[in-house]
>>> print(open('protein.cif').read())   # mmCIF, C-alpha atoms
data_query
loop_
_atom_site.label_atom_id
_atom_site.label_comp_id
_atom_site.auth_asym_id
_atom_site.auth_seq_id
_atom_site.Cartn_x
_atom_site.Cartn_y
_atom_site.Cartn_z
CA MET A 13 149.20 99.42 -47.56
CA ARG A 14 148.51 99.29 -51.28
CA GLY A 15 151.00 99.52 -54.12
CA LEU A 16 154.17 99.93 -52.02
CA GLY A 17 156.05 97.43 -54.16
CA ARG A 18 155.64 99.66 -57.23
CA ASN A 19 156.42 102.92 -55.46
CA LEU A 20 159.93 104.18 -56.23
CA ALA A 21 159.77 106.66 -53.34
CA PHE A 22 159.19 103.77 -50.94
CA TRP A 23 162.26 101.87 -52.15
CA ALA A 24 164.47 104.97 -52.30
CA GLY A 25 163.35 106.27 -48.91
CA GLY A 26 163.37 102.82 -47.34
CA GLY A 27 166.88 102.17 -48.65
CA LEU A 28 168.21 105.41 -47.20
CA VAL A 29 166.48 104.81 -43.88
CA LEU A 30 167.81 101.26 -43.68
CA LEU A 31 171.32 102.51 -44.48
CA PHE A 32 171.26 105.05 -41.65
CA VAL A 33 169.69 102.64 -39.17
CA LEU A 34 172.41 100.08 -39.90
CA ALA A 35 175.07 102.78 -39.66
CA ALA A 36 173.72 103.84 -36.26
CA LEU A 37 173.49 100.28 -34.94
CA LEU A 38 176.60 98.69 -36.46
CA GLY A 39 178.85 101.68 -37.17
CA PRO A 40 181.19 101.27 -34.19
CA TRP A 41 181.76 97.61 -35.11
CA ILE A 42 182.13 98.22 -38.84
CA TYR A 43 184.53 101.12 -38.32
CA PRO A 44 186.12 100.63 -34.86
CA VAL A 45 187.85 103.99 -34.48
CA ASP A 46 187.56 106.03 -31.29
CA PRO A 47 185.43 109.08 -32.20
CA ILE A 48 186.63 111.24 -29.29
CA ALA A 49 190.34 110.39 -29.18
CA PRO A 50 192.43 113.39 -30.37
CA ASP A 51 195.50 112.90 -32.55
CA SER A 52 197.95 115.81 -32.70
CA ASP A 53 199.64 114.28 -35.74
CA SER A 54 196.43 114.29 -37.83
CA LEU A 55 194.99 117.77 -37.39
CA LEU A 56 192.61 118.81 -40.20
CA ARG A 57 193.70 115.97 -42.43
CA SER A 58 191.79 115.94 -45.72
CA PRO A 59 189.83 112.82 -46.74
CA GLY A 60 192.12 110.02 -47.78
CA ARG A 61 193.14 106.42 -47.17
CA GLU A 62 193.88 106.78 -43.45
CA ALA A 63 190.81 108.91 -42.74
CA PRO A 64 188.09 108.33 -45.38
CA LEU A 65 186.21 111.54 -44.44
CA GLY A 66 189.15 113.47 -43.02
CA THR A 67 189.81 114.62 -39.46
CA ASP A 68 188.76 117.64 -37.42
CA VAL A 69 190.75 120.36 -35.67
CA LEU A 70 191.67 117.95 -32.85
CA GLY A 71 192.63 115.13 -35.21
CA ARG A 72 189.50 113.08 -34.49
CA ASP A 73 188.29 110.81 -37.30
CA LEU A 74 185.24 112.40 -38.95
CA LEU A 75 183.76 109.13 -40.23
CA ALA A 76 183.74 107.68 -36.72
CA ARG A 77 182.09 110.85 -35.40
CA VAL A 78 179.47 110.86 -38.16
CA LEU A 79 178.57 107.24 -37.32
CA VAL A 80 178.21 108.07 -33.64
CA GLY A 81 176.27 111.18 -34.61
CA ALA A 82 173.83 108.99 -36.54
CA ARG A 83 173.13 107.03 -33.37
CA VAL A 84 172.59 110.18 -31.32
CA SER A 85 170.47 112.04 -33.89
CA LEU A 86 168.28 109.03 -34.74
CA SER A 87 167.83 108.13 -31.07
CA VAL A 88 166.63 111.63 -30.22
CA GLY A 89 164.32 111.59 -33.24
CA VAL A 90 162.81 108.17 -32.47
CA LEU A 91 162.28 108.83 -28.75
CA SER A 92 160.78 112.26 -29.33
CA ARG A 93 158.40 110.95 -31.99
CA LEU A 94 157.24 108.10 -29.77
CA ILE A 95 156.38 110.61 -27.04
CA ALA A 96 154.59 112.87 -29.53
CA LEU A 97 152.62 109.96 -31.00
CA LEU A 98 151.63 108.71 -27.56
CA LEU A 99 150.43 112.10 -26.30
CA GLY A 100 148.99 113.35 -29.58
CA GLY A 101 147.46 110.01 -30.49
CA LEU A 102 145.66 109.72 -27.16
CA ALA A 103 144.40 113.31 -27.40
CA GLY A 104 143.23 112.85 -31.00
CA LEU A 105 141.55 109.55 -30.21
CA VAL A 106 139.61 111.01 -27.30
CA ALA A 107 138.72 114.24 -29.11
CA GLY A 108 137.59 112.54 -32.30
CA TYR A 109 135.51 109.87 -30.56
CA PHE A 110 133.78 111.84 -27.80
CA GLY A 111 133.55 115.27 -29.46
CA GLY A 112 131.72 118.06 -27.67
CA ARG A 113 133.42 120.21 -25.07
CA LEU A 114 136.29 117.78 -24.59
CA ASP A 115 137.03 117.96 -28.30
CA SER A 116 136.91 121.78 -28.23
CA LEU A 117 139.20 121.95 -25.18
CA LEU A 118 141.82 119.62 -26.67
CA MET A 119 141.78 121.22 -30.11
CA ARG A 120 142.01 124.76 -28.72
CA SER A 121 144.99 123.59 -26.67
CA ALA A 122 146.53 122.21 -29.85
CA ASP A 123 145.86 125.50 -31.65
CA LEU A 124 147.54 127.38 -28.82
CA THR A 125 150.61 125.15 -29.07
CA LEU A 126 150.77 125.54 -32.85
CA ALA A 127 150.43 129.31 -32.59
CA PHE A 128 153.99 129.66 -31.28
CA PRO A 129 156.96 129.31 -33.67
CA ALA A 130 158.16 125.77 -33.03
CA LEU A 131 161.91 126.44 -33.05
CA LEU A 132 161.65 129.47 -30.75
CA LEU A 133 159.46 127.52 -28.34
CA LEU A 134 161.97 124.65 -28.32
CA ILE A 135 164.84 127.04 -27.69
CA ALA A 136 162.98 128.61 -24.77
CA VAL A 137 162.13 125.24 -23.18
CA VAL A 138 165.61 123.74 -23.60
CA ALA A 139 167.30 126.92 -22.37
CA ALA A 140 165.02 127.01 -19.32
CA PHE A 141 165.71 123.41 -18.27
CA GLY A 142 169.33 123.24 -19.36
CA PRO A 143 170.86 121.88 -22.60
CA SER A 144 171.07 118.10 -22.72
CA LEU A 145 169.93 115.26 -24.96
CA PHE A 146 167.31 114.20 -22.38
CA THR A 147 165.82 117.69 -22.25
CA LEU A 148 165.93 117.91 -26.04
CA PHE A 149 164.05 114.72 -26.88
CA LEU A 150 161.55 115.32 -24.07
CA ALA A 151 160.85 118.86 -25.31
CA LEU A 152 160.55 117.68 -28.92
CA GLY A 153 158.13 114.96 -27.88
CA VAL A 154 155.91 117.02 -25.58
CA LEU A 155 155.74 120.01 -27.93
CA GLY A 156 155.11 117.77 -30.96
CA TRP A 157 151.77 116.41 -29.75
CA ALA A 158 149.53 119.05 -31.35
CA PRO A 159 149.93 118.21 -35.08
CA VAL A 160 149.58 114.52 -34.29
CA ALA A 161 146.39 115.13 -32.30
CA ARG A 162 144.74 117.08 -35.12
CA VAL A 163 145.52 114.45 -37.77
CA ILE A 164 144.46 111.51 -35.58
CA ARG A 165 141.25 113.32 -34.60
CA SER A 166 140.27 113.72 -38.26
CA ARG A 167 141.02 110.06 -38.88
CA VAL A 168 138.99 108.93 -35.86
CA ILE A 169 136.00 111.02 -36.94
CA LEU A 170 136.10 109.25 -40.32
CA ILE A 171 136.42 105.75 -38.86
CA ARG A 172 133.77 106.38 -36.18
CA ARG A 173 131.11 106.63 -38.90
CA MET A 174 131.97 103.32 -40.56
CA GLU A 175 129.60 100.37 -40.51
CA TYR A 176 131.75 98.02 -38.43
CA VAL A 177 132.06 100.63 -35.67
CA GLU A 178 128.33 101.26 -35.73
CA ALA A 179 127.77 97.51 -35.55
CA ALA A 180 130.02 97.32 -32.48
CA HIS A 181 127.91 100.05 -30.88
CA ALA A 182 124.74 98.16 -31.77
CA ILE A 183 125.82 94.95 -30.03
CA GLY A 184 126.76 96.87 -26.89
CA ALA A 185 130.55 96.84 -27.08
CA SER A 186 132.22 98.95 -24.40
CA THR A 187 133.84 102.26 -25.22
CA PRO A 188 137.43 101.06 -24.49
CA ARG A 189 136.87 98.01 -26.70
CA ILE A 190 135.61 100.15 -29.56
CA LEU A 191 138.45 102.64 -29.19
CA PHE A 192 141.33 100.20 -28.93
CA LEU A 193 140.09 97.20 -30.94
CA HIS A 194 138.09 98.86 -33.70
CA ILE A 195 139.16 102.48 -34.16
CA LEU A 196 142.84 102.49 -33.16
CA PRO A 197 143.89 99.74 -35.64
CA GLY A 198 142.34 101.84 -38.40
CA CYS A 199 144.77 104.63 -37.52
CA ALA A 200 147.88 102.43 -37.82
CA GLY A 201 148.80 103.65 -41.29
CA THR A 202 148.36 107.27 -40.21
CA PHE A 203 150.63 106.68 -37.21
CA LEU A 204 153.32 105.23 -39.50
CA VAL A 205 153.16 108.27 -41.78
CA LEU A 206 153.28 110.68 -38.84
CA PHE A 207 156.20 108.79 -37.34
CA SER A 208 158.28 108.75 -40.52
CA MET A 209 157.70 112.33 -41.59
CA GLY A 210 157.85 113.62 -38.03
CA LEU A 211 161.17 111.85 -37.54
CA ALA A 212 162.63 113.93 -40.37
CA THR A 213 161.40 117.10 -38.65
CA ALA A 214 162.82 115.93 -35.31
CA ILE A 215 166.25 115.31 -36.87
CA ILE A 216 166.28 118.84 -38.28
CA ALA A 217 165.19 120.29 -34.93
CA GLU A 218 167.86 118.31 -33.06
CA GLY A 219 170.49 119.45 -35.53
CA SER A 220 169.38 123.07 -35.26
CA LEU A 221 169.43 123.12 -31.47
CA SER A 222 172.73 121.21 -31.28
CA PHE A 223 174.20 123.73 -33.72
CA LEU A 224 173.15 126.47 -31.28
CA GLY A 225 174.72 124.59 -28.37
CA LEU A 226 171.38 123.56 -26.84
CA GLY A 227 171.48 119.87 -27.73
CA ALA A 228 174.28 117.32 -27.49
CA GLN A 229 177.16 118.59 -25.38
CA PRO A 230 180.89 117.92 -26.00
CA PRO A 231 182.40 115.43 -26.41
CA THR A 232 179.15 113.77 -27.59
CA ALA A 233 178.84 114.01 -31.37
CA SER A 234 175.60 114.61 -33.22
CA TRP A 235 175.18 115.84 -36.77
CA GLY A 236 174.29 119.30 -35.51
CA THR A 237 177.36 119.59 -33.29
CA LEU A 238 179.60 118.36 -36.11
CA ILE A 239 178.27 121.08 -38.42
CA ARG A 240 178.81 123.67 -35.69
CA ASP A 241 182.36 122.48 -34.94
CA GLY A 242 183.35 122.71 -38.60
CA PHE A 243 181.59 125.98 -39.37
CA GLY A 244 184.65 128.08 -38.63
CA TYR A 245 186.77 126.07 -41.06
CA LEU A 246 184.61 126.28 -44.18
CA ARG A 247 187.44 127.68 -46.28
CA THR A 248 190.32 125.61 -44.97
CA ALA A 249 188.52 122.32 -44.20
CA PRO A 250 185.06 122.35 -45.85
CA TRP A 251 184.55 118.61 -45.33
CA LEU A 252 183.99 119.21 -41.61
CA THR A 253 180.69 120.94 -42.34
CA LEU A 254 179.73 119.50 -45.72
CA VAL A 255 179.92 115.83 -44.74
CA PRO A 256 177.57 115.92 -41.71
CA GLY A 257 175.35 118.42 -43.54
CA VAL A 258 174.95 116.11 -46.54
CA VAL A 259 174.43 113.10 -44.27
CA MET A 260 171.66 114.90 -42.36
CA ALA A 261 170.03 116.03 -45.62
CA LEU A 262 170.03 112.45 -46.96
CA ALA A 263 168.52 111.11 -43.72
CA VAL A 264 165.75 113.73 -43.82
CA LEU A 265 165.16 112.97 -47.51
CA GLY A 266 164.90 109.25 -46.77
CA PHE A 267 162.32 109.65 -44.01
CA ASN A 268 160.30 112.12 -46.08
CA LEU A 269 160.26 109.84 -49.12
CA LEU A 270 159.24 106.90 -46.96
CA GLY A 271 156.53 108.96 -45.29
CA ASP A 272 155.17 110.13 -48.66
CA ALA A 273 155.03 106.55 -49.92
CA LEU A 274 153.27 105.32 -46.78
CA ARG A 275 150.81 108.21 -47.00
CA ASP A 276 149.96 107.36 -50.60
CA ALA A 277 149.56 103.68 -49.71
CA SER A 278 147.28 104.39 -46.74
CA ASP A 279 145.13 107.00 -48.50
CA PRO A 280 141.84 107.24 -46.59
CA ARG A 281 139.95 107.33 -49.89
CA GLY A 282 140.88 103.69 -50.34
CA LEU A 283 139.27 102.59 -47.06
CA PRO A 284 136.24 100.37 -47.29
CA GLY A 285 133.07 102.03 -46.19
CA ARG A 286 134.05 105.53 -47.29
CA GLU A 287 131.22 105.59 -49.76
CA ALA A 288 128.65 104.60 -47.14
#
>>> encode(input="protein.cif", output="structure tokens")
Amino acid sequence: MRGLGRNLAFWAGGGLVLLFVLAALLGPWIYPVDPIAPDSDSLLRSPGREAPLGTDVLGRDLLARVLVGARVSLSVGVLSRLIALLLGGLAGLVAGYFGGRLDSLLMRSADLTLAFPALLLLIAVVAAFGPSLFTLFLALGVLGWAPVARVIRSRVILIRRMEYVEAAHAIGASTPRILFLHILPGCAGTFLVLFSMGLATAIIAEGSLSFLGLGAQPPTASWGTLIRDGFGYLRTAPWLTLVPGVVMALAVLGFNLLGDALRDASDPRGLPGREA
């Protein structure tokens, strides 16, 4: 990773990401307010000293619910991206290294997956298996393998032609050794970029499906459900929708900025042996 210390996008994105990770991990201890306990004396209270971000229609503290929502939304994003990277990375590694009919089969399968509108496909899968967080992150992970596979395949094809890989072939190194000790480490930067930028996409997808009622179910709070719950009160209590919407936008911005910075730092043109 070259030049990260001088990249403003890295520091801005990394700062936002760190802020949301800390909020998700430490939020309940920093702000120990029950996020699901109703309070009939505090219905739709505007932001103030007693409730920094206001309360909802049931009197529940919005800040506490946003902090819990950060944990839910980030957890779904991280788990789904790990599944997508595992499946897509393995497919891209195999396709890029072996080529031939196996490469054609895997890439045509990826093309078929990418041919369907992603959100509609997610809605169909989640609706078929029932709305829940488990179904959501599993669907996001399984359906997210195709873009990962195509990017990793291109990277593997580039690395496969480098001198140190050819030298490993020449001395008789086994295929698993070449794949996992020589080629896979060269894809580490690409995996980081795909994870960061894909996490932003996963957060948006989780928020969209939760807004439609196909993600987190009451009383569990995620950023998407918070936006949905406050949508009917835009005129009388706009903070119910604006606060989680802005929080989600900042989280997506942070992961995108971080992904852009990591992509610039791991530019394949800077790899040794490219000129060979």
>>> resolve_selection(input="protein.cif", expression="the PyMOL selection byres ((chain A and resi 81) around 12)", output="PDB file with C-alpha atoms, in the coordinates of the input")
ATOM      1  CA  PHE A  32     171.260 105.050 -41.650  1.00  0.00           C
ATOM      2  CA  VAL A  33     169.690 102.640 -39.170  1.00  0.00           C
ATOM      3  CA  ALA A  35     175.070 102.780 -39.660  1.00  0.00           C
ATOM      4  CA  ALA A  36     173.720 103.840 -36.260  1.00  0.00           C
ATOM      5  CA  LEU A  37     173.490 100.280 -34.940  1.00  0.00           C
ATOM      6  CA  GLY A  39     178.850 101.680 -37.170  1.00  0.00           C
ATOM      7  CA  PRO A  40     181.190 101.270 -34.190  1.00  0.00           C
ATOM      8  CA  PRO A  47     185.430 109.080 -32.200  1.00  0.00           C
ATOM      9  CA  ILE A  48     186.630 111.240 -29.290  1.00  0.00           C
ATOM     10  CA  LEU A  74     185.240 112.400 -38.950  1.00  0.00           C
ATOM     11  CA  LEU A  75     183.760 109.130 -40.230  1.00  0.00           C
ATOM     12  CA  ALA A  76     183.740 107.680 -36.720  1.00  0.00           C
ATOM     13  CA  ARG A  77     182.090 110.850 -35.400  1.00  0.00           C
ATOM     14  CA  VAL A  78     179.470 110.860 -38.160  1.00  0.00           C
ATOM     15  CA  LEU A  79     178.570 107.240 -37.320  1.00  0.00           C
ATOM     16  CA  VAL A  80     178.210 108.070 -33.640  1.00  0.00           C
ATOM     17  CA  ALA A  82     173.830 108.990 -36.540  1.00  0.00           C
ATOM     18  CA  ARG A  83     173.130 107.030 -33.370  1.00  0.00           C
ATOM     19  CA  VAL A  84     172.590 110.180 -31.320  1.00  0.00           C
ATOM     20  CA  SER A  85     170.470 112.040 -33.890  1.00  0.00           C
ATOM     21  CA  LEU A  86     168.280 109.030 -34.740  1.00  0.00           C
ATOM     22  CA  SER A  87     167.830 108.130 -31.070  1.00  0.00           C
ATOM     23  CA  VAL A  88     166.630 111.630 -30.220  1.00  0.00           C
ATOM     24  CA  ILE A 215     166.250 115.310 -36.870  1.00  0.00           C
ATOM     25  CA  GLU A 218     167.860 118.310 -33.060  1.00  0.00           C
ATOM     26  CA  GLY A 219     170.490 119.450 -35.530  1.00  0.00           C
ATOM     27  CA  SER A 222     172.730 121.210 -31.280  1.00  0.00           C
ATOM     28  CA  ALA A 228     174.280 117.320 -27.490  1.00  0.00           C
ATOM     29  CA  GLN A 229     177.160 118.590 -25.380  1.00  0.00           C
ATOM     30  CA  PRO A 230     180.890 117.920 -26.000  1.00  0.00           C
ATOM     31  CA  PRO A 231     182.400 115.430 -26.410  1.00  0.00           C
ATOM     32  CA  THR A 232     179.150 113.770 -27.590  1.00  0.00           C
ATOM     33  CA  ALA A 233     178.840 114.010 -31.370  1.00  0.00           C
ATOM     34  CA  SER A 234     175.600 114.610 -33.220  1.00  0.00           C
ATOM     35  CA  TRP A 235     175.180 115.840 -36.770  1.00  0.00           C
ATOM     36  CA  GLY A 236     174.290 119.300 -35.510  1.00  0.00           C
ATOM     37  CA  THR A 237     177.360 119.590 -33.290  1.00  0.00           C
ATOM     38  CA  LEU A 238     179.600 118.360 -36.110  1.00  0.00           C
ATOM     39  CA  ILE A 239     178.270 121.080 -38.420  1.00  0.00           C
ATOM     40  CA  VAL A 255     179.920 115.830 -44.740  1.00  0.00           C
ATOM     41  CA  PRO A 256     177.570 115.920 -41.710  1.00  0.00           C
ATOM     42  CA  GLY A 257     175.350 118.420 -43.540  1.00  0.00           C
ATOM     43  CA  VAL A 259     174.430 113.100 -44.270  1.00  0.00           C
ATOM     44  CA  MET A 260     171.660 114.900 -42.360  1.00  0.00           C
ATOM     45  CA  ALA A 263     168.520 111.110 -43.720  1.00  0.00           C
TER      46      ALA A 263
END
>>> closest_residue(input="protein.cif", among="A:Val29, A:Val138, A:Ile183, A:Leu117", to="Ser208 in chain A", atoms="all atoms listed in the file")
A:Val29
>>> atom_distance(input="protein.cif", atom1="CA of Leu114 in chain A", atom2="CA of Phe203 in chain A")
22.1 Å
>>> resolve_selection(input="protein.cif", expression="the PyMOL selection byres ((chain A and resi 96-100) around 7)", output="number ranges by chain")
A: 92-95, 101-104, 153-154, 156-158, 160-161
>>> closest_residue(input="protein.cif", among="A:Arg165, A:His194, A:Arg18, A:Arg120", to="Glu178 in chain A", atoms="all atoms listed in the file")
A:His194
>>> closest_residue(input="protein.cif", among="A:Pro50, A:Leu28, A:Ser144, A:Arg162", to="Ser116 in chain A", atoms="only C-alpha atoms")
A:Arg162
>>> atom_distance(input="protein.cif", atom1="CA of Arg173 in chain A", atom2="CA of Pro197 in chain A")
14.9 Å
>>> residues_around(input="protein.cif", residues="Leu131 in chain A", least_positions_apart="4", cutoff="10 Å", atoms="all atoms listed in the file", output="list in words")
Ile135, Ala136, Val137, Leu152, Ala217, Ser220 and Leu221 of chain A
>>> atom_distance(input="protein.cif", atom1="CA of Asp46 in chain A", atom2="CA of Gly71 in chain A")
11.1 Å
>>> resolve_selection(input="protein.cif", expression="the PyMOL selection byres ((chain A and resi 167) around 9)", output="PDB file with C-alpha atoms, keeping the file's coordinate frame")
ATOM      1  CA  GLY A 104     143.230 112.850 -31.000  1.00  0.00           C
ATOM      2  CA  LEU A 105     141.550 109.550 -30.210  1.00  0.00           C
ATOM      3  CA  GLY A 108     137.590 112.540 -32.300  1.00  0.00           C
ATOM      4  CA  ARG A 162     144.740 117.080 -35.120  1.00  0.00           C
ATOM      5  CA  VAL A 163     145.520 114.450 -37.770  1.00  0.00           C
ATOM      6  CA  ILE A 164     144.460 111.510 -35.580  1.00  0.00           C
ATOM      7  CA  ARG A 165     141.250 113.320 -34.600  1.00  0.00           C
ATOM      8  CA  SER A 166     140.270 113.720 -38.260  1.00  0.00           C
ATOM      9  CA  VAL A 168     138.990 108.930 -35.860  1.00  0.00           C
ATOM     10  CA  ILE A 169     136.000 111.020 -36.940  1.00  0.00           C
ATOM     11  CA  LEU A 170     136.100 109.250 -40.320  1.00  0.00           C
ATOM     12  CA  ILE A 171     136.420 105.750 -38.860  1.00  0.00           C
ATOM     13  CA  ARG A 172     133.770 106.380 -36.180  1.00  0.00           C
ATOM     14  CA  GLY A 198     142.340 101.840 -38.400  1.00  0.00           C
ATOM     15  CA  CYS A 199     144.770 104.630 -37.520  1.00  0.00           C
ATOM     16  CA  THR A 202     148.360 107.270 -40.210  1.00  0.00           C
ATOM     17  CA  PRO A 280     141.840 107.240 -46.590  1.00  0.00           C
TER      18      PRO A 280
END
>>> residues_around(input="protein.cif", residues="Phe243 in chain A", least_positions_apart="6", cutoff="10 Å", atoms="only C-alpha atoms", output="list in words")
Phe223, Thr237, Ala249, Pro250, Trp251, Leu252, Thr253 and Leu254 of chain A
>>> build_atoms(input="protein.cif", residues="range 65-78 of chain A", atoms="N, CA and C atoms", output="CSV table (one decimal), in the frame of the given file")
chain,number,residue,atom,x,y,z
A,65,LEU,N,186.9,110.3,-44.4
A,65,LEU,CA,186.2,111.5,-44.4
A,65,LEU,C,187.0,112.7,-43.8
A,66,GLY,N,188.3,112.4,-43.6
A,66,GLY,CA,189.2,113.5,-43.0
A,66,GLY,C,189.1,113.5,-41.5
A,67,THR,N,189.8,114.5,-40.9
A,67,THR,CA,189.8,114.6,-39.5
A,67,THR,C,189.5,116.1,-39.1
A,68,ASP,N,189.1,116.3,-37.8
A,68,ASP,CA,188.8,117.6,-37.4
A,68,ASP,C,190.0,118.4,-36.8
A,69,VAL,N,189.7,119.5,-36.2
A,69,VAL,CA,190.8,120.4,-35.7
A,69,VAL,C,191.5,119.7,-34.5
A,70,LEU,N,191.0,118.7,-33.9
A,70,LEU,CA,191.7,118.0,-32.8
A,70,LEU,C,192.2,116.6,-33.3
A,71,GLY,N,192.1,116.4,-34.7
A,71,GLY,CA,192.6,115.1,-35.2
A,71,GLY,C,191.7,113.9,-35.1
A,72,ARG,N,190.4,114.2,-34.7
A,72,ARG,CA,189.5,113.1,-34.5
A,72,ARG,C,188.9,112.7,-35.8
A,73,ASP,N,188.8,111.4,-36.0
A,73,ASP,CA,188.3,110.8,-37.3
A,73,ASP,C,186.8,111.2,-37.5
A,74,LEU,N,186.6,111.9,-38.7
A,74,LEU,CA,185.2,112.4,-39.0
A,74,LEU,C,184.2,111.3,-39.2
A,75,LEU,N,184.7,110.2,-39.9
A,75,LEU,CA,183.8,109.1,-40.2
A,75,LEU,C,183.3,108.5,-38.9
A,76,ALA,N,184.1,108.3,-38.0
A,76,ALA,CA,183.7,107.7,-36.7
A,76,ALA,C,182.8,108.6,-36.0
A,77,ARG,N,183.0,109.9,-36.1
A,77,ARG,CA,182.1,110.8,-35.4
A,77,ARG,C,180.7,111.0,-36.1
A,78,VAL,N,180.7,110.8,-37.4
A,78,VAL,CA,179.5,110.9,-38.2
A,78,VAL,C,178.6,109.6,-37.8
